[in-house]
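A.B. asks: Right, I'll just put the structure down here and ask away after.
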Amino acid sequence: MKLSSTLAYGIIAALSISSFALFESQGHTLILALAVFAIALVKIATILNGFMHLEWQHRPFAQVLTGWLVVVGAVLAGGMFALPWNS
Amino acid sequence: MYAPSTMPAETRKKALALPGDEGVFFFITADMAMFALFFLVFMVGQAQAPDIYRASRAALDPTLGLLNTLILATSGWLMVRAVDAARRERWSAARRNVIAAALVGLGFAVTKAFEYHAKISHGITLNTNEFFTYYYAFTGLHFFHFVIGVLVLAITQAKLAAPEGEKTRIWLESAAAYWHMVDLLWMVLFPMLYLAGGTA
């Protein structure tokens, strides 16, 4: 599905403010850190789709960049699980 | 609306075409792979010395990070509008949007200069500790990409002043793809450096 660029922009702005608000109001826990990164990955997917108009038929770049998103997501999540957290 | 398999050949070809030059997408992919390695290196360093990273992160101002995120997103959106206008052969509108994207984007440079100045005037430099080595290296490299992007936008608006049809459209789409990559990378750098991982 192709997102309209204005809707994509609205989603990115709202998610950016949300992740900042989460950070400011809720302290620092593993769940919130993962939520902040999950929001970042959704924003990236929104840019790829709504701004770059990169769709699945654009082989191989759409597949490679989707793979990049998965790998980076795993790196970021792994990095958070490796940290000591107060429950 | 046609499903791709039932479209006339020419329409289908256009629908399947990459939005920009293939070489630019190769560069974007390679560059993003390099940054993925940087993110991995940062995460490993953070896992080995979490207290240093948390104490250092507390010295950053996440409000400036958020401001830069919104600036880049707004600038990216203006580039999408420029590409949409160019696809309708509305070259003046495309040029106006590219100029607006560059001007809004310059806000990122102002914020970054303010942020670097504040850090350096407090004695926080590349040599302060590992966190700040990565902070300056990653944001500096990202800023270098940003500067190249602004130069590309300047060239693009000049090309749009005397458009050459398809050739100019492909150039603009490629410039927009590069500009969105600058945006994409910041979407990871912002939470990684400023937000997630905790502060002391």
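Numbering starts fresh at 1 for the residues of each chain in the structure tokens, the chains themselves are lettered A, B, ... in the order given, and ligands are numbered from 1 as they appear.
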Contacts between chain B and chain A, please, where a residue of chain A counts if it comes within 9 Å (with only C-alpha atoms); show its shortest atom pair and distance in Å to one decimal, rows by chain and ascending number, as a tab-separated table.
C.D. replies:
residue	atom	partner	partner_atom	distance
A:Ser5	CA	B:Trp77	CA	6.6
A:Thr6	CA	B:Trp77	CA	7.2
A:Ala8	CA	B:Trp77	CA	8.4
A:Tyr9	CA	B:Trp77	CA	6.2
A:Ile12	CA	B:Ala73	CA	7.1
A:Ala13	CA	B:Leu70	CA	6.2
A:Ser16	CA	B:Leu66	CA	6.9
A:Ile17	CA	B:Leu66	CA	7.2
A:Ser19	CA	B:Pro191	CA	8.3
A:Phe20	CA	B:Leu66	CA	7.0
A:Phe23	CA	B:Leu195	CA	6.4
A:Glu24	CA	B:Leu195	CA	8.9
A:Gly27	CA	B:Gly198	CA	8.0
A:His28	CA	B:Gly198	CA	5.1
A:Thr29	CA	B:Gly198	CA	7.3
A:Leu30	CA	B:Gly197	CA	7.8
A:Leu32	CA	B:Ala196	CA	7.7
A:Ala33	CA	B:Ala196	CA	4.6
A:Leu34	CA	B:Ala196	CA	7.7
A:Ala35	CA	B:Ala196	CA	9.0
A:Val36	CA	B:Ala196	CA	6.6
A:Phe37	CA	B:Pro191	CA	6.7
A:Ala40	CA	B:Met187	CA	5.8
A:Leu41	CA	B:Val188	CA	7.8
A:Lys43	CA	B:Met187	CA	7.2
A:Ile44	CA	B:Leu184	CA	5.7
A:Ile47	CA	B:Leu184	CA	7.2
A:Leu48	CA	B:His180	CA	8.2
A:Gly50	CA	B:Val80	CA	8.7
A:Phe51	CA	B:Val80	CA	5.9
A:Met52	CA	B:Ala177	CA	6.0
A:His53	CA	B:Pro19	CA	7.0
A:Leu54	CA	B:Pro19	CA	7.2
A:Glu55	CA	B:Leu16	CA	8.7
A:Gln57	CA	B:Leu16	CA	6.3
A:His58	CA	B:Leu18	CA	5.9
A:Arg59	CA	B:Leu18	CA	8.6
A:Phe61	CA	B:Phe25	CA	7.1
A:Val64	CA	B:Thr29	CA	7.5
A:Leu65	CA	B:Thr29	CA	6.9
A:Trp68	CA	B:Ala33	CA	7.2
A:Val71	CA	B:Ala36	CA	7.9
A:Val72	CA	B:Ala36	CA	6.1
A:Val75	CA	B:Leu40	CA	6.0
A:Leu76	CA	B:Met43	CA	7.0
A:Gly78	CA	B:Met43	CA	8.1
A:Gly79	CA	B:Met43	CA	4.9
A:Met80	CA	B:Gly197	CA	6.4
A:Phe81	CA	B:Ala47	CA	8.9
A:Ala82	CA	B:Ala47	CA	5.7
A:Leu83	CA	B:Ala47	CA	5.5
A:Pro84	CA	B:Pro50	CA	7.7
A:Trp85	CA	B:Gly198	CA	8.6
A.B. asks: Selection from above, C-alpha atoms, as a JSON list (two decimals), in the first residue's frame, can you write it?
C.D. replies:
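Contents of result25.json, as written:
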[["chain", "number", "residue", "atom", "x", "y", "z"],
["A", 5, "SER", "CA", 3.40, 11.76, 1.71],
["A", 6, "THR", "CA", 1.41, 14.11, 3.95],
["A", 8, "ALA", "CA", 3.58, 9.75, 6.20],
["A", 9, "TYR", "CA", 4.88, 13.12, 7.40],
["A", 12, "ILE", "CA", 6.68, 10.51, 11.45],
["A", 13, "ALA", "CA", 6.14, 13.77, 13.37],
["A", 16, "SER", "CA", 8.92, 11.36, 16.97],
["A", 17, "ILE", "CA", 7.09, 13.41, 19.57],
["A", 19, "SER", "CA", 9.05, 8.59, 21.60],
["A", 20, "PHE", "CA", 10.42, 11.80, 23.09],
["A", 23, "PHE", "CA", 11.51, 9.09, 27.30],
["A", 24, "GLU", "CA", 10.71, 12.27, 29.24],
["A", 27, "GLY", "CA", 11.98, 6.98, 33.13],
["A", 28, "HIS", "CA", 14.33, 4.41, 31.72],
["A", 29, "THR", "CA", 13.35, 0.78, 31.50],
["A", 30, "LEU", "CA", 14.09, -1.99, 29.03],
["A", 32, "LEU", "CA", 10.60, 1.73, 27.04],
["A", 33, "ALA", "CA", 13.99, 1.52, 25.36],
["A", 34, "LEU", "CA", 12.64, -1.22, 23.09],
["A", 35, "ALA", "CA", 9.50, 0.86, 22.45],
["A", 36, "VAL", "CA", 11.61, 3.88, 21.46],
["A", 37, "PHE", "CA", 13.57, 1.77, 18.96],
["A", 40, "ALA", "CA", 12.22, 4.51, 15.17],
["A", 41, "LEU", "CA", 11.92, 1.44, 12.93],
["A", 43, "LYS", "CA", 9.39, 5.78, 11.18],
["A", 44, "ILE", "CA", 12.07, 4.37, 8.87],
["A", 47, "ILE", "CA", 10.02, 7.01, 5.07],
["A", 48, "LEU", "CA", 10.87, 4.10, 2.78],
["A", 50, "GLY", "CA", 5.67, 7.18, 2.08],
["A", 51, "PHE", "CA", 8.65, 9.38, 1.13],
["A", 52, "MET", "CA", 10.94, 7.26, -1.06],
["A", 53, "HIS", "CA", 8.01, 5.34, -2.59],
["A", 54, "LEU", "CA", 10.14, 2.22, -2.48],
["A", 55, "GLU", "CA", 7.84, -0.73, -2.97],
["A", 57, "GLN", "CA", 8.60, -4.63, -6.81],
["A", 58, "HIS", "CA", 11.72, -2.42, -6.69],
["A", 59, "ARG", "CA", 14.13, -5.37, -6.57],
["A", 61, "PHE", "CA", 16.75, -2.47, -3.20],
["A", 64, "VAL", "CA", 17.87, -5.16, 0.86],
["A", 65, "LEU", "CA", 16.64, -2.08, 2.71],
["A", 68, "TRP", "CA", 18.68, -3.60, 6.74],
["A", 71, "VAL", "CA", 19.24, -6.33, 11.02],
["A", 72, "VAL", "CA", 19.40, -2.88, 12.62],
["A", 75, "VAL", "CA", 21.25, -4.99, 16.72],
["A", 76, "LEU", "CA", 19.41, -2.29, 18.66],
["A", 78, "GLY", "CA", 20.21, -6.99, 21.30],
["A", 79, "GLY", "CA", 22.11, -3.98, 22.58],
["A", 80, "MET", "CA", 19.28, -3.16, 24.97],
["A", 81, "PHE", "CA", 18.99, -6.74, 26.27],
["A", 82, "ALA", "CA", 22.75, -6.71, 26.95],
["A", 83, "LEU", "CA", 22.42, -3.77, 29.35],
["A", 84, "PRO", "CA", 21.75, -4.04, 33.08],
["A", 85, "TRP", "CA", 18.32, -2.57, 33.95]]
A.B. asks: Pull the helix (DSSP H, G or I) assignments for stretch 2-169 of chain B out of DSSP run on the backbone, and list those residues as a VMD selection string.
C.D. replies: chain B and resid 4 to 6 9 to 16 22 to 48 50 to 57 62 to 87 91 to 121 130 to 161 166 to 169
A.B. asks: Considering only C-alpha atoms, return as a short mmCIF file (atom, residue, chain, number, x, y, z; two decimals) with C-alpha atoms, in the first residue's frame whatever protein or nucleic-acid residues lie within 12 Å of B:Arg88, sequence-local ones (same chain, fewer than 5 positions apart) excluded.
C.D. replies:
data_model
loop_
_atom_site.label_atom_id
_atom_site.label_comp_id
_atom_site.auth_asym_id
_atom_site.auth_seq_id
_atom_site.Cartn_x
_atom_site.Cartn_y
_atom_site.Cartn_z
CA ARG B 81 6.26 17.43 -2.85
CA ALA B 82 9.02 18.53 -5.23
CA VAL B 83 9.17 15.06 -6.82
CA ALA B 93 6.62 24.27 -8.03
CA ALA B 94 9.25 21.53 -7.86
CA GLY B 165 12.30 16.66 -18.85
CA GLU B 166 13.00 13.04 -17.90
CA ARG B 169 13.13 14.27 -13.07
#
A.B. asks: Which polymer residues have any atom within 8 Å of an atom of B:Phe108, counting only C-alpha atoms, with same-chain residues fewer than 4 positions away left out, as an mmCIF file with C-alpha atoms, in the first residue's frame?
C.D. replies:
data_model
loop_
_atom_site.group_PDB
_atom_site.id
_atom_site.type_symbol
_atom_site.label_atom_id
_atom_site.label_comp_id
_atom_site.auth_asym_id
_atom_site.auth_seq_id
_atom_site.Cartn_x
_atom_site.Cartn_y
_atom_site.Cartn_z
ATOM 1 C CA ASN B 68 16.414 18.022 14.406
ATOM 2 C CA ILE B 71 13.388 19.554 10.815
ATOM 3 C CA LEU B 72 14.644 16.639 8.707
ATOM 4 C CA VAL B 104 14.249 24.120 6.345
ATOM 5 C CA LYS B 112 23.880 21.048 15.343
#
A.B. asks: Which residue, A:Leu22, A:Ala38, A:Leu15, A:Leu7, has the smallest gap to A:Ala74 when you use only C-alpha atoms?
C.D. replies: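 Between A:Leu22, A:Ala38, A:Leu15, A:Leu7, the residue approaching A:Ala74 most closely is A:Ala38.
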A.B. asks: Using only C-alpha atoms, which of B:Ala109, B:Ile120, B:Leu126, B:Ala102 sits nearest B:Val152?
C.D. replies: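 Among B:Ala109, B:Ile120, B:Leu126, B:Ala102, it is B:Ala102 that comes nearest to B:Val152.
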